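Working notes, beginning with the structure itself.
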Amino acid sequence: MAAARPGDERFDAARTAGAPRRAGPDLSIDALPAALISSPLDFLHAEHLRQRQFAKLLSLIADGLANERAIEAALKFVRTDLTLHILDEEISFFPLLRPLCRPEDKIDDLIGVLAEEHREDEKESEKLIEVLEHLLNGEAPSTRAAEILRSFSEHLKGHLALENGVLLPLAKARMTPQSLQLLSQSILDRRRS
Ligand SMILES: [Fe+2]
Ligand SMILES: [Fe+2]
């Protein structure tokens with residue numbers, strides 16, 4: 001695994017003041033899997049695993065089980081990692097995959113659903129950021145805040161199930177070495193700019 005870039009550090013908020021790691025819930029999100037970019041479908045799958053960790057973290061924040069450091073990490077993830085991932089898919093991945101699909105793949109329908117869910121996530125992420133910023137002051141989450149956190153977490157998990165279960169297997173079957181190379185380069189360029 002390549003060294004994490006600045007801002008991608010692993011964190012474990014359960015590890016406080018000499019407490020053993022297993023003393024609290026696992027609040028960690030893995031580092032960016034930069035070494036996998038040359039194998040872009042594996043990279044996207046690894047990003048999905050990180051998003052599942054993020055979704056779990058949101059549930060723990062809703063339950064009042066996360067500290068300030070974990071809330072800051074969730075904020076950073078929604079502002080940067082999630083935004084970059086949607087660009088990876090919509091600007092790089094979907095346009096490369098679409099022309100390689102067959103009619104029976106119904107790729108336009110699938111991309112339509114996923115893009116719609118991305119728009120919902122972008123809209124809801126504004127509320128999520130507001131909630132997380134508010135929680136940084138140490139207050140317990142209100143009922144409304146917990147609802148927003150849990151709802152975002154559940155939506156994201158549903159989206160990931162569709163992408164892991166349908167989109168990535170389809171891409172594995174249809175994408176050519178050349179299209180994978182273009183995808184890899186595009187993902188890389190986005191992180192260098
Ligand atoms: Fe995705
Ligand atoms: Fe997506």
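Simple scheme: letters A, B, ... for chains in structure tokens order, numbers from 1 for residues in each chain, numbers from 1 for ligands in the order shown.
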Report as an mmCIF file with N, CA and C atoms, in the first residue's frame all protein, DNA and RNA residues lying within 12 Å of A:Ile61, evaluated on only C-alpha atoms, omitting residues in the same chain fewer than 2 positions from it.
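What landed in around-v1.cif:
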data_model
loop_
_atom_site.group_PDB
_atom_site.id
_atom_site.type_symbol
_atom_site.label_atom_id
_atom_site.label_comp_id
_atom_site.auth_asym_id
_atom_site.auth_seq_id
_atom_site.Cartn_x
_atom_site.Cartn_y
_atom_site.Cartn_z
ATOM 1 N N ALA A 13 -10.071 6.921 16.482
ATOM 2 C CA ALA A 13 -10.432 7.778 17.594
ATOM 3 C C ALA A 13 -10.656 6.994 18.875
ATOM 4 N N PRO A 25 -15.394 1.260 19.828
ATOM 5 C CA PRO A 25 -15.763 0.834 18.485
ATOM 6 C C PRO A 25 -14.695 1.244 17.478
ATOM 7 N N ASP A 26 -14.608 0.512 16.372
ATOM 8 C CA ASP A 26 -13.621 0.838 15.341
ATOM 9 C C ASP A 26 -14.134 2.032 14.544
ATOM 10 N N LEU A 27 -13.451 3.166 14.676
ATOM 11 C CA LEU A 27 -13.887 4.385 14.003
ATOM 12 C C LEU A 27 -12.978 4.731 12.833
ATOM 13 N N PHE A 54 -17.000 4.636 6.187
ATOM 14 C CA PHE A 54 -17.540 5.970 6.447
ATOM 15 C C PHE A 54 -19.012 5.877 6.875
ATOM 16 N N ALA A 55 -19.779 5.024 6.171
ATOM 17 C CA ALA A 55 -21.204 4.863 6.511
ATOM 18 C C ALA A 55 -21.360 4.323 7.937
ATOM 19 N N LYS A 56 -20.492 3.398 8.299
ATOM 20 C CA LYS A 56 -20.541 2.841 9.664
ATOM 21 C C LYS A 56 -20.185 3.927 10.688
ATOM 22 N N LEU A 57 -19.206 4.733 10.315
ATOM 23 C CA LEU A 57 -18.798 5.823 11.211
ATOM 24 C C LEU A 57 -19.959 6.799 11.442
ATOM 25 N N LEU A 58 -20.723 7.095 10.380
ATOM 26 C CA LEU A 58 -21.869 8.005 10.544
ATOM 27 C C LEU A 58 -22.881 7.420 11.539
ATOM 28 N N SER A 59 -23.094 6.093 11.484
ATOM 29 C CA SER A 59 -24.031 5.464 12.432
ATOM 30 C C SER A 59 -23.518 5.594 13.863
ATOM 31 N N ASP A 63 -25.096 7.541 17.104
ATOM 32 C CA ASP A 63 -25.289 6.907 18.425
ATOM 33 C C ASP A 63 -24.519 7.631 19.536
ATOM 34 N N GLY A 64 -23.814 8.697 19.183
ATOM 35 C CA GLY A 64 -23.047 9.445 20.185
ATOM 36 C C GLY A 64 -21.785 8.734 20.615
ATOM 37 N N LEU A 65 -21.246 7.841 19.767
ATOM 38 C CA LEU A 65 -20.095 7.030 20.161
ATOM 39 C C LEU A 65 -18.775 7.506 19.558
ATOM 40 N N ALA A 66 -18.802 8.645 18.865
ATOM 41 C CA ALA A 66 -17.569 9.106 18.216
ATOM 42 C C ALA A 66 -17.073 10.393 18.860
ATOM 43 N N ASN A 67 -15.763 10.548 18.864
ATOM 44 C CA ASN A 67 -15.207 11.780 19.424
ATOM 45 C C ASN A 67 -14.938 12.810 18.311
ATOM 46 N N GLU A 68 -14.376 13.941 18.721
ATOM 47 C CA GLU A 68 -14.173 15.051 17.793
ATOM 48 C C GLU A 68 -13.297 14.658 16.601
ATOM 49 N N ARG A 69 -12.289 13.853 16.876
ATOM 50 C CA ARG A 69 -11.364 13.456 15.816
ATOM 51 C C ARG A 69 -12.075 12.630 14.730
ATOM 52 N N ALA A 70 -12.955 11.763 15.175
ATOM 53 C CA ALA A 70 -13.711 10.945 14.219
ATOM 54 C C ALA A 70 -14.684 11.812 13.420
ATOM 55 N N ILE A 71 -15.293 12.782 14.078
ATOM 56 C CA ILE A 71 -16.231 13.669 13.383
ATOM 57 C C ILE A 71 -15.478 14.505 12.342
ATOM 58 N N GLU A 72 -14.280 14.970 12.693
ATOM 59 C CA GLU A 72 -13.458 15.723 11.733
ATOM 60 C C GLU A 72 -13.107 14.860 10.528
ATOM 61 N N ALA A 73 -12.786 13.593 10.792
ATOM 62 C CA ALA A 73 -12.432 12.686 9.688
ATOM 63 C C ALA A 73 -13.638 12.447 8.782
ATOM 64 N N ALA A 74 -14.820 12.323 9.380
ATOM 65 C CA ALA A 74 -16.032 12.137 8.573
ATOM 66 C C ALA A 74 -16.282 13.379 7.713
ATOM 67 N N LEU A 75 -16.054 14.545 8.289
ATOM 68 C CA LEU A 75 -16.230 15.801 7.544
ATOM 69 C C LEU A 75 -15.280 15.846 6.347
ATOM 70 N N LEU A 128 -25.601 17.061 5.856
ATOM 71 C CA LEU A 128 -24.695 16.230 6.646
ATOM 72 C C LEU A 128 -23.518 17.059 7.167
ATOM 73 N N VAL A 131 -24.582 19.234 10.022
ATOM 74 C CA VAL A 131 -24.743 18.447 11.258
ATOM 75 C C VAL A 131 -23.378 18.139 11.871
ATOM 76 N N LEU A 132 -22.445 17.667 11.037
ATOM 77 C CA LEU A 132 -21.132 17.288 11.557
ATOM 78 C C LEU A 132 -20.401 18.502 12.124
ATOM 79 N N LEU A 135 -21.776 19.208 15.488
ATOM 80 C CA LEU A 135 -21.408 18.217 16.519
ATOM 81 C C LEU A 135 -19.972 18.392 17.013
ATOM 82 N N LEU A 136 -19.178 19.130 16.241
ATOM 83 C CA LEU A 136 -17.787 19.342 16.663
ATOM 84 C C LEU A 136 -17.694 20.098 17.982
ATOM 85 N N GLY A 138 -19.129 19.240 20.559
ATOM 86 C CA GLY A 138 -19.176 18.281 21.657
ATOM 87 C C GLY A 138 -20.562 17.926 22.154
ATOM 88 N N GLU A 139 -21.591 18.547 21.559
ATOM 89 C CA GLU A 139 -22.959 18.207 22.010
ATOM 90 C C GLU A 139 -23.366 16.837 21.488
ATOM 91 N N ALA A 140 -24.277 16.177 22.210
ATOM 92 C CA ALA A 140 -24.820 14.903 21.718
ATOM 93 C C ALA A 140 -25.717 15.187 20.517
ATOM 94 N N PRO A 141 -25.794 14.263 19.548
ATOM 95 C CA PRO A 141 -26.643 14.508 18.377
ATOM 96 C C PRO A 141 -28.121 14.607 18.769
ATOM 97 N N SER A 142 -28.812 15.600 18.201
ATOM 98 C CA SER A 142 -30.265 15.698 18.415
ATOM 99 C C SER A 142 -30.934 14.574 17.622
ATOM 100 N N ALA A 145 -30.565 15.411 14.000
ATOM 101 C CA ALA A 145 -29.189 15.191 13.520
ATOM 102 C C ALA A 145 -28.935 13.695 13.328
ATOM 103 N N ALA A 146 -29.384 12.889 14.289
ATOM 104 C CA ALA A 146 -29.179 11.440 14.185
ATOM 105 C C ALA A 146 -29.908 10.876 12.967
ATOM 106 N N GLU A 147 -31.092 11.428 12.683
ATOM 107 C CA GLU A 147 -31.859 10.988 11.500
ATOM 108 C C GLU A 147 -31.088 11.275 10.216
ATOM 109 N N ILE A 148 -30.530 12.480 10.131
ATOM 110 C CA ILE A 148 -29.776 12.871 8.926
ATOM 111 C C ILE A 148 -28.551 11.968 8.758
ATOM 112 N N LEU A 149 -27.856 11.710 9.850
ATOM 113 C CA LEU A 149 -26.661 10.851 9.797
ATOM 114 C C LEU A 149 -27.029 9.426 9.362
ATOM 115 N N ARG A 150 -28.085 8.886 9.958
ATOM 116 C CA ARG A 150 -28.462 7.498 9.635
ATOM 117 C C ARG A 150 -29.008 7.384 8.223
ATOM 118 N N SER A 153 -26.173 7.442 5.764
ATOM 119 C CA SER A 153 -25.468 6.167 5.862
ATOM 120 C C SER A 153 -26.225 5.066 5.107
#
Please find the residues contacting ligand 1 at a distance of at most 12 Å between atoms, with only C-alpha atoms and all ligand atoms counted, and report them as a PyMOL selection string.
chain A and resi 40-52+81-90+92-94+111+114-115+117-118+121+156-168
Since we have the selection now, will you write its residues out, keeping C-alpha atoms, as a compact mmCIF listing (two decimals), in the first residue's frame?
# COMPACT_ATOMS: atom_id res chain seq x y z
CA PRO A 40 -8.95 0.96 -11.67
CA LEU A 41 -11.85 -1.42 -11.01
CA ASP A 42 -10.02 -2.73 -7.94
CA PHE A 43 -9.39 0.88 -6.95
CA LEU A 44 -13.10 1.75 -7.23
CA HIS A 45 -13.99 -1.35 -5.22
CA ALA A 46 -11.48 -0.40 -2.52
CA GLU A 47 -12.99 3.10 -2.45
CA HIS A 48 -16.39 1.48 -1.91
CA LEU A 49 -14.98 -0.39 1.08
CA ARG A 50 -13.78 2.93 2.52
CA GLN A 51 -17.25 4.36 1.94
CA ARG A 52 -18.75 1.47 3.89
CA ASP A 81 -13.13 11.65 -0.92
CA LEU A 82 -16.81 11.29 -1.72
CA THR A 83 -16.77 14.26 -4.09
CA LEU A 84 -13.74 12.92 -5.96
CA HIS A 85 -15.31 9.48 -6.21
CA ILE A 86 -18.47 10.83 -7.84
CA LEU A 87 -16.29 12.68 -10.38
CA ASP A 88 -14.29 9.47 -11.00
CA GLU A 89 -17.50 7.67 -11.82
CA GLU A 90 -19.40 10.31 -13.75
CA SER A 92 -14.24 9.03 -16.15
CA PHE A 93 -15.87 5.65 -15.55
CA PHE A 94 -19.44 5.88 -16.89
CA ILE A 111 -26.29 4.90 -15.04
CA LEU A 114 -26.76 5.83 -10.10
CA ALA A 115 -26.43 9.43 -11.32
CA GLU A 117 -28.49 8.83 -6.40
CA HIS A 118 -25.30 10.88 -6.76
CA ASP A 121 -26.10 12.41 -2.06
CA LEU A 156 -24.87 5.25 0.72
CA LYS A 157 -24.95 1.56 1.63
CA GLY A 158 -27.78 0.95 -0.87
CA HIS A 159 -25.84 2.77 -3.58
CA LEU A 160 -22.72 0.73 -2.87
CA ALA A 161 -24.68 -2.53 -3.06
CA LEU A 162 -25.92 -1.62 -6.55
CA GLU A 163 -22.46 -0.59 -7.75
CA ASN A 164 -20.68 -3.60 -6.26
CA GLY A 165 -23.38 -6.06 -7.24
CA VAL A 166 -24.21 -4.87 -10.76
CA LEU A 167 -21.98 -2.07 -12.07
CA LEU A 168 -18.51 -3.41 -11.26
Which stretch 138-185 of chain A residues have any atom within 8 Å of an atom of stretch 100-107 of chain A, and for each, what is the nearest pair of atoms with distance in Å to one decimal, counting only C-alpha atoms, rows sorted by chain and number, as a Markdown table?
| residue | atom | partner | partner_atom | distance |
| --- | --- | --- | --- | --- |
| A:Leu170 | CA | A:Asp105 | CA | 7.8 |
| A:Arg174 | CA | A:Leu100 | CA | 6.0 |
| A:Met175 | CA | A:Leu100 | CA | 6.7 |
Once you have the residues from the selection above, write them out as an mmCIF file, in the first residue's frame, restricted to N, CA and C atoms.
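What landed in selection.cif:
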data_model
loop_
_atom_site.group_PDB
_atom_site.id
_atom_site.type_symbol
_atom_site.label_atom_id
_atom_site.label_comp_id
_atom_site.auth_asym_id
_atom_site.auth_seq_id
_atom_site.Cartn_x
_atom_site.Cartn_y
_atom_site.Cartn_z
ATOM 1 N N LEU A 170 -20.330 -5.849 -14.300
ATOM 2 C CA LEU A 170 -20.567 -5.535 -15.712
ATOM 3 C C LEU A 170 -19.308 -4.920 -16.328
ATOM 4 N N ARG A 174 -17.018 -6.117 -19.537
ATOM 5 C CA ARG A 174 -17.069 -5.349 -20.778
ATOM 6 C C ARG A 174 -15.833 -4.495 -21.064
ATOM 7 N N MET A 175 -15.143 -4.054 -20.054
ATOM 8 C CA MET A 175 -14.071 -3.081 -20.325
ATOM 9 C C MET A 175 -12.834 -3.763 -20.901
#
All residues 9 Å or closer to stretch 123-126 of chain A, only C-alpha atoms, same chain fewer than 6 positions away omitted, as an NGL selection string
:A and (78-79 or 148 or 152)
Kindly save the residues from that selection, with C-alpha atoms included, as an mmCIF file, in the first residue's frame.
data_model
loop_
_atom_site.group_PDB
_atom_site.id
_atom_site.type_symbol
_atom_site.label_atom_id
_atom_site.label_comp_id
_atom_site.auth_asym_id
_atom_site.auth_seq_id
_atom_site.Cartn_x
_atom_site.Cartn_y
_atom_site.Cartn_z
ATOM 1 C CA VAL A 78 -17.585 13.764 2.745
ATOM 2 C CA ARG A 79 -15.975 16.987 1.507
ATOM 3 C CA ILE A 148 -29.776 12.871 8.926
ATOM 4 C CA PHE A 152 -27.125 9.340 4.646
#
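A straight line drawn from atom CA of A:Pro33 to atom CA of A:Lys172 is 18.9 Å long.
Residue nearest ligand 2, chosen from A:Ile91, A:Leu96, A:Ile129, A:Leu183 and counting only C-alpha atoms and all ligand atoms: A:Ile91.
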Enter the distance from atom CA of A:Arg190 to atom CA of A:Leu36, in Å, rounded to one decimal.
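Between atom CA of A:Arg190 and atom CA of A:Leu36 the gap works out to 14.7 Å.
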Kindly give the distance, in Å, that separates atom CA of A:Phe77 and atom CA of A:Ile29, rounded to a single decimal.
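These atoms are spaced 9.0 Å apart.
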Would you please give, as a ChimeraX atom specification, all residues of chain A that DSSP assigns to alpha helix (DSSP H) based on the backbone?
/A:40-62,68-76,82-87,94-97,107-135,143-162,168-174,177-192
